[in-house]
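Asks: What follows is run-v6.cif, mmCIF, C-alpha atoms.
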data_data
#
loop_
_atom_site.label_atom_id
_atom_site.label_comp_id
_atom_site.auth_asym_id
_atom_site.auth_seq_id
_atom_site.Cartn_x
_atom_site.Cartn_y
_atom_site.Cartn_z
CA MET N 330 41.15 109.17 -57.57
CA ILE N 331 39.44 105.86 -58.24
CA ASN N 332 40.71 102.79 -56.40
CA ILE N 333 42.16 99.83 -58.33
CA ILE N 334 41.83 96.43 -56.69
CA ARG N 335 42.55 92.86 -57.76
CA PHE N 336 39.71 90.34 -57.80
CA SER N 337 39.92 87.06 -55.95
CA LYS N 338 37.40 84.25 -56.19
CA ASP N 339 36.33 84.52 -52.55
CA MET N 340 35.61 88.25 -52.83
CA THR N 341 32.03 89.32 -52.15
CA ARG N 342 30.09 92.43 -53.07
CA GLU N 343 30.40 93.54 -49.46
CA ASP N 344 34.21 93.20 -49.64
CA ILE N 345 34.34 95.32 -52.80
CA PHE N 346 32.25 98.17 -51.38
CA SER N 347 33.42 98.03 -47.75
CA ALA N 348 35.65 101.10 -47.94
CA VAL N 349 32.90 103.62 -47.19
CA GLU N 350 29.68 103.17 -45.26
CA GLU N 351 27.41 106.18 -45.52
CA LYS N 352 23.84 105.69 -44.43
CA LEU N 353 21.26 108.20 -43.32
CA ASN N 354 19.12 107.31 -40.32
CA VAL N 355 15.83 108.78 -41.46
CA SER N 356 13.36 106.26 -40.06
CA SER N 357 12.04 108.32 -37.13
CA SER N 358 11.73 111.51 -39.20
CA VAL N 359 9.78 109.67 -41.87
CA SER N 360 7.50 108.08 -39.27
CA GLU N 361 6.65 111.54 -37.93
CA ILE N 362 5.89 112.87 -41.41
CA ILE N 363 3.62 109.93 -42.24
CA ALA N 364 1.75 110.29 -38.93
CA ASN N 365 1.27 114.02 -39.50
CA VAL N 366 -0.11 113.50 -43.03
CA ARG N 367 -2.48 110.80 -41.77
CA ALA N 368 -3.73 113.07 -39.01
CA ASN N 369 -3.85 116.42 -40.81
CA GLY N 370 -4.13 115.63 -44.52
CA ASP N 371 -3.76 118.58 -46.88
CA LYS N 372 -2.80 120.94 -44.06
CA ALA N 373 0.35 118.87 -43.45
CA LEU N 374 1.16 118.77 -47.16
CA TYR N 375 0.96 122.56 -47.48
CA GLU N 376 3.15 123.00 -44.41
CA TYR N 377 5.79 120.58 -45.67
CA SER N 378 5.85 122.21 -49.11
CA GLU N 379 6.59 125.56 -47.48
CA ARG N 380 9.13 124.06 -45.08
CA PHE N 381 11.05 121.72 -47.36
CA ASP N 382 10.45 123.12 -50.85
CA ARG N 383 10.06 126.79 -49.94
CA ALA N 384 6.84 126.82 -51.91
CA LYS N 385 3.73 128.54 -50.56
CA LEU N 386 1.02 126.84 -52.61
CA ASP N 387 -2.54 127.86 -53.39
CA SER N 388 -3.37 124.38 -54.66
CA ILE N 389 -1.77 120.94 -54.52
CA THR N 390 -3.45 119.85 -57.74
CA VAL N 391 -1.84 120.72 -61.07
CA SER N 392 -4.49 122.14 -63.37
CA GLU N 393 -4.98 121.36 -67.06
CA GLU N 394 -4.01 124.96 -67.80
CA GLU N 395 -0.69 124.50 -65.99
CA ILE N 396 0.00 121.30 -67.92
CA GLU N 397 -0.74 122.91 -71.27
CA GLU N 398 1.34 125.96 -70.40
CA ALA N 399 4.27 123.74 -69.41
CA PHE N 400 3.96 121.63 -72.54
CA ALA N 401 4.01 124.72 -74.74
CA SER N 402 7.13 126.02 -73.00
CA VAL N 403 9.24 122.90 -73.60
CA ASP N 404 11.59 122.84 -76.59
CA PRO N 405 9.71 121.15 -79.46
CA GLU N 406 12.79 119.06 -80.19
CA LEU N 407 12.64 117.59 -76.68
CA ILE N 408 8.92 116.91 -77.18
CA ARG N 409 9.75 115.02 -80.37
CA VAL N 410 12.46 112.98 -78.62
CA MET N 411 10.09 112.12 -75.76
CA GLU N 412 7.40 111.07 -78.25
CA ASP N 413 9.93 108.79 -79.99
CA ALA N 414 11.04 107.39 -76.64
CA LYS N 415 7.41 106.75 -75.71
CA GLU N 416 6.97 104.69 -78.89
CA ASN N 417 10.09 102.61 -78.15
CA ILE N 418 9.10 102.05 -74.53
CA TYR N 419 5.57 101.08 -75.56
CA LYS N 420 6.75 98.60 -78.20
CA PHE N 421 9.08 96.87 -75.77
CA HIS N 422 6.67 96.65 -72.86
CA ALA N 423 3.67 95.62 -74.97
CA ASN N 424 5.39 92.24 -75.35
CA GLN N 425 5.17 91.76 -71.58
CA LYS N 426 1.38 91.81 -71.42
CA ARG N 427 -0.08 88.54 -70.18
CA SER N 428 -3.44 86.86 -70.56
CA GLY N 429 -5.17 84.59 -68.11
CA PHE N 430 -5.81 80.92 -68.77
CA ILE N 431 -8.50 78.28 -68.34
CA VAL N 432 -7.94 74.60 -67.63
CA ALA N 433 -11.06 72.49 -68.07
CA ASP N 434 -11.53 68.72 -68.03
CA LYS N 435 -14.41 66.45 -68.93
CA ASP N 436 -15.08 65.47 -65.31
CA GLY N 437 -16.70 68.74 -64.30
CA VAL N 438 -13.66 70.71 -63.15
CA VAL N 439 -12.79 74.18 -64.42
CA LEU N 440 -9.70 75.98 -63.16
CA GLY N 441 -8.33 79.28 -64.28
CA GLN N 442 -6.34 82.41 -63.64
CA ARG N 443 -7.34 85.99 -64.34
CA VAL N 444 -4.85 88.82 -64.90
CA ILE N 445 -6.42 91.98 -63.49
CA PRO N 446 -4.98 95.51 -63.70
CA ILE N 447 -4.30 97.29 -60.43
CA GLU N 448 -6.95 99.99 -60.23
CA LYS N 449 -5.05 103.00 -58.87
CA VAL N 450 -1.30 103.61 -59.10
CA GLY N 451 0.82 106.51 -57.83
CA LEU N 452 4.07 107.58 -59.52
CA TYR N 453 6.76 109.38 -57.55
CA ILE N 454 8.95 111.56 -59.78
CA PRO N 455 11.94 113.33 -58.16
CA GLY N 456 12.45 117.05 -58.63
CA GLY N 457 15.33 117.95 -56.34
CA THR N 458 18.92 118.23 -57.59
CA ALA N 459 17.71 117.04 -61.01
CA SER N 460 14.38 116.34 -62.68
CA TYR N 461 13.70 113.19 -64.64
CA PRO N 462 10.96 113.30 -67.27
CA SER N 463 12.33 109.97 -68.48
CA SER N 464 11.10 108.39 -65.24
CA VAL N 465 7.58 109.56 -66.01
CA LEU N 466 7.61 107.65 -69.29
CA MET N 467 9.24 104.55 -67.80
CA ASN N 468 6.71 104.28 -64.98
CA ALA N 469 3.49 105.44 -66.63
CA ILE N 470 3.69 103.60 -69.96
CA PRO N 471 3.83 100.05 -68.53
CA ALA N 472 0.94 100.99 -66.23
CA LYS N 473 -1.07 102.15 -69.23
CA ILE N 474 -0.32 98.93 -71.12
CA ALA N 475 -1.40 96.89 -68.08
CA GLY N 476 -4.76 98.69 -68.07
CA VAL N 477 -4.45 100.72 -64.86
CA SER N 478 -7.52 102.95 -64.76
CA SER N 479 -6.14 105.80 -62.64
CA ILE N 480 -2.51 106.98 -62.68
CA ALA N 481 -1.61 109.77 -60.26
CA MET N 482 1.78 111.48 -60.23
CA VAL N 483 3.44 113.37 -57.39
CA SER N 484 6.51 115.56 -57.78
CA PRO N 485 7.92 118.32 -55.55
CA PRO N 486 7.17 121.95 -56.46
CA THR N 487 10.82 122.93 -56.65
CA TYR N 488 10.70 124.74 -59.99
CA LYS N 489 10.06 128.49 -60.30
CA ASN N 490 7.24 129.90 -58.18
CA GLY N 491 6.30 126.57 -56.62
CA LYS N 492 5.77 124.66 -59.84
CA ILE N 493 6.81 121.27 -61.18
CA ALA N 494 9.49 121.34 -63.88
CA PRO N 495 7.82 121.83 -67.31
CA ALA N 496 9.58 118.82 -68.86
CA ILE N 497 8.10 116.55 -66.18
CA LEU N 498 4.60 117.88 -66.84
CA ALA N 499 5.12 117.52 -70.58
CA ALA N 500 6.21 113.91 -70.12
CA ALA N 501 3.13 113.27 -67.98
CA LYS N 502 0.90 114.60 -70.76
CA ILE N 503 2.70 112.43 -73.34
CA ALA N 504 2.45 109.32 -71.15
CA GLY N 505 -1.22 109.86 -70.27
CA VAL N 506 -1.00 110.50 -66.53
CA ASP N 507 -4.47 111.20 -65.12
CA LYS N 508 -3.79 113.35 -62.04
CA ILE N 509 -0.77 115.38 -60.94
CA TYR N 510 -0.05 116.73 -57.45
CA LYS N 511 2.58 119.27 -56.37
CA VAL N 512 3.98 117.40 -53.42
CA GLY N 513 7.25 115.57 -52.83
CA GLY N 514 9.28 113.74 -50.23
CA ALA N 515 8.01 111.29 -47.62
CA GLN N 516 4.83 113.37 -47.31
CA ALA N 517 3.93 112.57 -50.93
CA ILE N 518 4.30 108.85 -50.27
CA ALA N 519 2.11 109.17 -47.17
CA ALA N 520 -0.55 111.05 -49.12
CA LEU N 521 -0.65 108.39 -51.84
CA ALA N 522 -0.79 105.57 -49.30
CA TYR N 523 -3.46 106.99 -46.98
CA GLY N 524 -5.17 109.73 -48.98
CA THR N 525 -5.97 113.32 -48.02
CA GLU N 526 -8.80 115.71 -48.81
CA THR N 527 -7.20 116.31 -52.22
CA VAL N 528 -4.94 113.32 -52.93
CA GLU N 529 -6.78 110.09 -53.60
CA ARG N 530 -5.41 106.93 -52.01
CA VAL N 531 -3.76 104.50 -54.45
CA ASP N 532 -3.13 100.76 -54.42
CA LYS N 533 0.53 100.79 -55.48
CA ILE N 534 3.37 103.33 -55.44
CA VAL N 535 6.25 103.22 -57.91
CA GLY N 536 9.16 105.47 -58.82
CA PRO N 537 12.59 106.51 -57.52
CA GLY N 538 13.42 108.98 -54.79
CA ASN N 539 15.90 109.98 -52.10
CA ALA N 540 16.51 108.23 -48.78
CA TYR N 541 13.36 109.77 -47.24
CA VAL N 542 11.19 108.61 -50.13
CA ALA N 543 12.69 105.12 -50.01
CA GLU N 544 12.13 104.87 -46.27
CA ALA N 545 8.56 106.14 -46.61
CA LYS N 546 7.86 103.46 -49.23
CA ARG N 547 9.28 100.88 -46.84
CA GLN N 548 7.02 102.07 -44.02
CA VAL N 549 3.78 102.20 -46.01
CA PHE N 550 4.35 98.80 -47.65
CA GLY N 551 1.48 96.55 -46.63
CA ARG N 552 -0.98 99.42 -46.69
CA VAL N 553 -0.12 99.68 -50.38
CA SER N 554 2.18 97.77 -52.67
CA ILE N 555 5.47 99.27 -53.86
CA ASP N 556 7.78 98.51 -56.75
CA MET N 557 11.09 98.25 -54.87
CA ILE N 558 13.36 100.04 -52.41
CA ALA N 559 15.76 101.69 -54.83
CA GLY N 560 19.32 102.45 -53.78
CA PRO N 561 21.91 104.70 -55.42
CA SER N 562 22.62 104.27 -59.15
CA GLU N 563 25.13 101.64 -60.26
CA ILE N 564 27.02 100.79 -63.41
CA LEU N 565 29.49 97.98 -64.04
CA VAL N 566 31.49 97.87 -67.27
CA ILE N 567 33.08 94.67 -68.49
CA ALA N 568 35.86 95.66 -70.88
CA ASP N 569 38.97 94.13 -72.42
CA LYS N 570 42.13 95.60 -73.91
CA THR N 571 40.39 96.40 -77.21
CA CYS N 572 38.14 99.02 -75.59
CA ASP N 573 38.62 102.75 -75.92
CA PRO N 574 39.31 104.06 -72.37
CA ARG N 575 37.51 107.31 -73.22
CA TYR N 576 34.28 105.41 -73.85
CA VAL N 577 34.62 103.39 -70.65
CA ALA N 578 35.32 106.45 -68.50
CA ALA N 579 32.42 108.38 -70.03
CA ASP N 580 30.03 105.49 -69.42
CA MET N 581 31.14 105.14 -65.80
CA LEU N 582 30.61 108.85 -65.22
CA SER N 583 27.12 108.68 -66.73
CA GLN N 584 26.01 107.07 -63.46
CA ALA N 585 28.51 108.69 -61.09
CA GLU N 586 26.96 112.10 -61.79
CA HIS N 587 23.57 110.90 -60.49
CA ASP N 588 24.41 110.74 -56.82
CA ARG N 589 27.33 111.06 -54.41
CA LEU N 590 26.60 107.47 -53.34
CA ALA N 591 26.43 106.08 -56.89
CA SER N 592 28.91 103.35 -57.78
CA ALA N 593 30.76 103.09 -61.10
CA VAL N 594 32.84 99.96 -61.58
CA LEU N 595 35.13 98.69 -64.32
CA VAL N 596 36.04 95.00 -64.34
CA THR N 597 38.78 94.06 -66.78
CA ASP N 598 41.54 91.53 -67.39
CA SER N 599 43.80 94.27 -68.77
CA GLU N 600 46.04 96.25 -66.40
CA GLU N 601 46.87 98.60 -69.25
CA LEU N 602 43.21 99.46 -69.82
CA ALA N 603 42.69 99.89 -66.07
CA GLU N 604 45.40 102.54 -65.86
CA LYS N 605 44.21 104.33 -68.99
CA VAL N 606 40.63 104.49 -67.70
CA ARG N 607 41.83 105.79 -64.36
CA ALA N 608 43.70 108.59 -66.13
CA GLU N 609 40.76 109.32 -68.44
CA LEU N 610 38.39 109.72 -65.50
CA GLU N 611 40.62 112.50 -64.19
CA VAL N 612 40.44 114.21 -67.59
CA GLN N 613 36.65 113.97 -67.92
CA ILE N 614 35.38 114.70 -64.39
CA PRO N 615 36.23 118.44 -64.49
CA LEU N 616 34.25 118.77 -67.72
CA LEU N 617 30.95 117.76 -66.11
CA SER N 618 28.23 120.12 -64.91
CA ARG N 619 27.84 117.89 -61.84
CA SER N 620 31.56 117.36 -61.39
CA GLU N 621 31.47 117.68 -57.59
CA ILE N 622 28.95 114.84 -57.30
CA ALA N 623 30.84 112.69 -59.82
CA ARG N 624 34.14 113.39 -58.04
CA TYR N 625 32.81 112.16 -54.69
CA SER N 626 31.17 109.11 -56.25
CA ILE N 627 34.29 108.05 -58.14
CA ASP N 628 36.66 108.65 -55.23
CA ASN N 629 34.54 106.85 -52.64
CA TYR N 630 32.40 104.29 -54.48
CA GLY N 631 34.16 103.90 -57.82
CA LYS N 632 36.24 100.79 -58.37
CA ILE N 633 38.47 99.37 -61.07
CA ILE N 634 38.78 95.62 -60.57
CA ILE N 635 41.50 93.68 -62.34
CA ALA N 636 40.82 89.96 -62.81
CA ASP N 637 43.13 87.27 -64.09
CA SER N 638 40.87 86.10 -66.91
CA LEU N 639 37.61 86.82 -68.68
CA TYR N 640 35.99 84.04 -66.64
CA ASP N 641 36.98 85.85 -63.43
CA VAL N 642 35.67 89.11 -64.89
CA ILE N 643 32.26 87.48 -65.35
CA ASP N 644 32.36 85.98 -61.84
CA ALA N 645 33.08 89.42 -60.39
CA SER N 646 30.16 90.93 -62.28
CA ASN N 647 27.76 88.20 -61.12
CA GLU N 648 28.88 88.68 -57.53
CA ILE N 649 28.26 92.44 -57.68
CA ALA N 650 24.89 91.98 -59.47
CA PRO N 651 24.85 95.52 -60.88
CA GLU N 652 21.86 97.66 -61.75
CA HIS N 653 23.36 98.44 -65.18
CA LEU N 654 25.88 96.19 -66.90
CA GLU N 655 27.80 97.09 -70.05
CA ILE N 656 29.64 94.32 -71.90
CA CYS N 657 32.07 96.35 -73.98
CA THR N 658 33.73 93.61 -76.01
CA ASP N 659 33.73 92.63 -79.68
CA ASP N 660 31.62 89.52 -78.99
CA PRO N 661 29.22 90.47 -76.19
CA PHE N 662 26.68 87.80 -77.13
CA ASP N 663 29.28 85.18 -76.22
CA ILE N 664 29.37 86.54 -72.67
CA LEU N 665 25.65 87.25 -72.22
CA PRO N 666 24.59 83.61 -71.49
CA ARG N 667 27.00 83.54 -68.53
CA ILE N 668 25.54 86.68 -66.93
CA LYS N 669 23.29 85.57 -64.07
CA ASN N 670 22.76 88.78 -62.11
CA ALA N 671 22.12 92.17 -63.73
CA GLY N 672 19.21 94.58 -63.94
CA SER N 673 19.71 95.69 -67.55
CA VAL N 674 22.50 94.64 -69.92
CA PHE N 675 24.01 96.79 -72.68
CA LEU N 676 25.87 94.85 -75.34
CA GLY N 677 28.83 95.98 -77.41
CA LYS N 678 30.95 99.10 -77.68
CA TYR N 679 28.20 101.25 -79.18
CA CYS N 680 25.39 100.65 -76.69
CA PRO N 681 26.11 103.02 -73.78
CA GLU N 682 23.89 102.85 -70.71
CA PRO N 683 22.12 106.22 -71.30
CA LEU N 684 20.35 104.60 -74.26
CA GLY N 685 18.41 102.63 -71.67
CA ASP N 686 17.86 105.61 -69.41
CA TYR N 687 16.01 107.51 -72.07
CA TYR N 688 15.23 105.90 -75.34
CA SER N 689 15.80 102.29 -76.38
CA GLY N 690 12.73 100.75 -74.72
CA PRO N 691 13.61 98.48 -71.77
CA ASN N 692 12.72 99.96 -68.42
CA HIS N 693 15.22 102.03 -66.48
CA THR N 694 13.66 101.35 -63.08
CA LEU N 695 15.98 98.55 -62.01
CA PRO N 696 17.06 96.52 -58.97
CA THR N 697 20.00 98.05 -57.09
CA SER N 698 22.31 97.19 -54.18
CA GLY N 699 22.82 93.63 -55.39
CA SER N 700 19.09 92.86 -55.50
CA ALA N 701 19.40 91.86 -59.18
CA ARG N 702 20.23 88.45 -57.67
CA PHE N 703 16.52 87.99 -56.98
CA SER N 704 14.47 90.80 -58.52
CA SER N 705 13.69 92.27 -61.92
CA PRO N 706 13.22 95.57 -63.77
CA LEU N 707 9.90 97.37 -63.56
CA SER N 708 7.49 95.86 -66.07
CA VAL N 709 3.85 95.46 -67.02
CA ASP N 710 3.72 92.64 -64.45
CA ASP N 711 4.19 95.23 -61.70
CA PHE N 712 0.84 96.81 -62.56
CA VAL N 713 -1.34 93.70 -62.57
CA LYS N 714 -2.42 91.14 -60.03
CA ARG N 715 -3.43 87.54 -60.63
CA SER N 716 -6.55 85.89 -59.28
CA ALA N 717 -7.22 82.15 -59.50
CA TYR N 718 -10.63 80.51 -59.67
CA SER N 719 -12.02 76.97 -59.44
CA TYR N 720 -15.31 75.31 -60.34
CA TYR N 721 -16.40 71.74 -59.46
CA THR N 722 -19.70 70.06 -60.23
CA ARG N 723 -21.30 67.84 -57.56
CA ASP N 724 -20.07 64.72 -59.32
CA ALA N 725 -16.53 66.08 -59.55
CA LEU N 726 -16.46 66.97 -55.85
CA GLU N 727 -17.90 63.60 -54.84
CA LYS N 728 -14.89 61.85 -56.37
CA VAL N 729 -12.35 63.70 -54.22
CA TYR N 730 -14.09 65.04 -51.11
CA SER N 731 -12.95 62.23 -48.81
CA ASP N 732 -9.32 62.72 -49.89
CA VAL N 733 -9.50 66.43 -49.12
CA ALA N 734 -11.19 65.73 -45.78
CA SER N 735 -8.50 63.28 -44.74
CA PHE N 736 -5.78 65.80 -45.69
CA ALA N 737 -7.51 68.45 -43.55
CA GLU N 738 -7.85 66.06 -40.59
CA ALA N 739 -4.14 65.24 -40.84
CA GLU N 740 -3.51 68.94 -40.21
CA GLY N 741 -5.96 69.00 -37.32
CA LEU N 742 -8.43 71.26 -39.15
CA THR N 743 -11.74 69.52 -38.58
CA ALA N 744 -13.84 72.44 -39.84
CA HIS N 745 -12.04 72.19 -43.17
CA ALA N 746 -12.82 68.47 -43.29
CA ARG N 747 -16.46 68.97 -42.29
CA SER N 748 -16.89 71.56 -45.06
CA MET N 749 -16.17 68.68 -47.47
CA THR N 750 -18.07 65.82 -45.82
CA ILE N 751 -21.24 67.71 -44.92
CA ARG N 752 -22.26 67.81 -48.57
CA PHE N 753 -22.34 64.03 -48.82
CA ASP N 754 -22.75 62.52 -45.35
CA GLY N 755 -26.22 63.94 -44.70
CA GLU N 756 -25.29 65.27 -41.27
CA GLU N 757 -27.17 68.51 -41.75
CA LYS N 758 -29.71 69.73 -44.26
#
The structure given in the file should be rewritten as structure tokens.

Replies:
Amino acid sequence: MINIIRFSKDMTREDIFSAVEEKLNVSSSVSEIIANVRANGDKALYEYSERFDRAKLDSITVSEEEIEEAFASVDPELIRVMEDAKENIYKFHANQKRSGFIVADKDGVVLGQRVIPIEKVGLYIPGGTASYPSSVLMNAIPAKIAGVSSIAMVSPPTYKNGKIAPAILAAAKIAGVDKIYKVGGAQAIAALAYGTETVERVDKIVGPGNAYVAEAKRQVFGRVSIDMIAGPSEILVIADKTCDPRYVAADMLSQAEHDRLASAVLVTDSEELAEKVRAELEVQIPLLSRSEIARYSIDNYGKIIIADSLYDVIDASNEIAPEHLEICTDDPFDILPRIKNAGSVFLGKYCPEPLGDYYSGPNHTLPTSGSARFSSPLSVDDFVKRSAYSYYTRDALEKVYSDVASFAEAEGLTAHARSMTIRFDGEEK
């Protein structure tokens, strides 16, 4: 049964979630996998697919015929929903696209910044205990808007006969993914980062995964860029006495069913609501297809926090900095300006978090584990890089070269200074 605690102003996120510490030490295993893929390429990938996914593959690459066959096998109604979701996601993210700028003055100086798409991006899409075609759309569409020229997708061959789940392949076709490989786990991350005979090396890797995938992304960072190190799913619901406890419990369970380590939290100033939600969770958990996962999550990482006032409720939420935040009150826009730390915010009693997972438009790849204090959802910005440039005429440089030289000399960098003065002092020609 979920734990009810009372919030105090000195309480930290670590205090709230200190009851259970459950971490997997996977670093050495992941290091071995990465080293094997670097040394043996495709051979290692085939061996790991047979070992971990029980799939004896003839080819790592997903063919166009396989994609078309998968697309045709998916329920047309799901195809329609994914097409609608694609449109919503595109409309939202198109507003994030940036242009460069130029700053010029009349004294012969031109400065500017270019916004350049990353050339090659790899998407990791899970396919273990559940498959997530929604993640394909959320990762590929912003990359497309940014102008990425090559989008590769990896996903484990855990469907029938060593295939990728048809809905994932259908989503990849809808989103415009360029290449698809039947490989998962840390070995897929290694293949994207270093390349093999079949898998082309990319410049950035994005997408969620298990502890092995997260650790592999951590280890290859620097060789390639990554989006973030994603932790277990989180939801925090701010609710008052006017809320329907059935809605609150259902929304909490929408994330608890993701993962045994997922956290579902209610913060309220109503003891009555707290007790009703606790009882409602016990009613709803047995109804779920993933009830065992949800049960463990709620019992070990779920929390109901009672605060003395709405101000304390908001303070508790900001301290936790949740991945998903629901503000289930009659006037959510009154609270929104006071929210400092949250990945994605859902406002009102009729905006449940799954809207964001699948359909509404904002990205569902979000900062977890309190990192919403300093990081942001996946966006078009994650698929571009910025490059600055400068131009000075001779006359413009002559006006400032001695200042720059003196600055360099103050730092003890005489070669820097000489690079400036040599153009005007006539020391060498």

Asks: Go through N:Lys338, N:Tyr688, N:Ala671, N:Ala543 and flag the residue nearest Arg409 in chain N, using only C-alpha atoms for the distances.

Replies: N:Tyr688

Asks: Apply the PyMOL selection byres ((chain N and resi 651-653) around 6) to the structure shown and report the selected residues as a PyMOL selection string.

Replies: chain N and resi 563-564+649-650+654+671-673+695-697

Asks: Anything within 12 Å of (-8.1, 110.1, -67.6): list those residues as a list in words, counting only C-alpha atoms and sticking to the file's coordinates.

Replies: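 Counting only C-alpha atoms, I find these residues within 12 Å of (-8.1, 110.1, -67.6): Glu393, Lys449, Lys473, Gly476, Val477, Ser478, Ser479, Ile480, Ala481, Ala501, Lys502, Ala504, Gly505, Val506, Asp507, Lys508 and Ile509 of chain N.
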
Asks: Determine the nearest neighbour of Asn490 in chain N from the options N:Asp387, N:Pro661, N:Leu707, N:Ser360, counting all atoms listed in the file.

Replies: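 Distance minimum relative to Asn490 in chain N lands on N:Asp387.
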
Asks: Determine the residue set returned by the PyMOL selection byres ((chain N and resi 642) around 12) for the present structure, and present it as a count of residues only.

Replies: 35

Asks: Select, from N:Ala364, N:Ala522, N:Val709, N:Ala744, the residue with the minimum atom-to-atom distance to Ile418 in chain N, counting all atoms listed in the file.

Replies: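 Residue with the minimum atom-to-atom distance to Ile418 in chain N: N:Val709.
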
Asks: Skip Ile614 in chain N itself and residues of its chain fewer than 2 positions away, then list as a list in words all residues within 10 Å of it, counting all atoms listed in the file.

Replies: Ala578, Ala579, Leu582, Ala585, Glu586, Glu609, Leu610, Glu611, Val612, Leu616, Leu617, Ser618, Arg619, Ser620, Glu621, Ile622, Ala623, Arg624 and Ile627 of chain N

Asks: Work out how far apart CA of Thr525 in chain N and CA of Ile447 in chain N are and give it in Å to one decimal.

Replies: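 Separating CA of Thr525 in chain N from CA of Ile447 in chain N is a distance of 20.3 Å.
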
Asks: Pick the closest to Leu374 in chain N from N:Pro462, N:Gly524, N:Pro666, N:Gly429: which is it, counting all atoms listed in the file?

Replies: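 So, comparing all the options, the nearest one is N:Gly524.
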
Asks: Just the number, please: distance in Å from CA of Phe703 in chain N to CA of Met557 in chain N, one decimal.

Replies: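 So the answer is 11.8 Å.
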
Asks: Counting all atoms listed in the file, which of N:Ser464, N:Leu452, N:Lys420, N:Glu394 gets nearest to Tyr687 in chain N?

Replies: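 Among the listed residues, N:Ser464 lies closest to Tyr687 in chain N.
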
Asks: Which residue, N:Glu600, N:Ala496, N:Ser358, N:Glu526, has the smallest gap to Val410 in chain N when you use all atoms listed in the file?

Replies: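 Closest to Val410 in chain N, using all atoms listed in the file: N:Ala496.
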
Asks: Do you know which residues are at most 8 Å from range 440-445 of chain N counting all atoms listed in the file, after dropping those on the same chain fewer than 5 positions away, and could you put them as JSON, numbers by chain?

Replies: {"N": [427, 428, 429, 430, 431, 432, 433, 713, 714, 715, 716, 717, 718, 719, 720]}

Asks: What lies within 10 Å of Ala401 in chain N using all atoms listed in the file, ignoring chain neighbours under 5 positions off, as a ChimeraX atom specification?

Replies: /N:395-396,408,495,499

Asks: Exactly which residues make up the result of the PyMOL selection byres ((chain N and resi 589) around 7) on this file, given as a VMD selection string?

Replies: chain N and resid 588 590 to 591 622 to 623 625 to 626

Asks: By how many Å are CA of Ser705 in chain N and CA of Glu682 in chain N apart?

Replies: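 Computing the Euclidean distance for CA of Ser705 in chain N and CA of Glu682 in chain N yields 17.1 Å.
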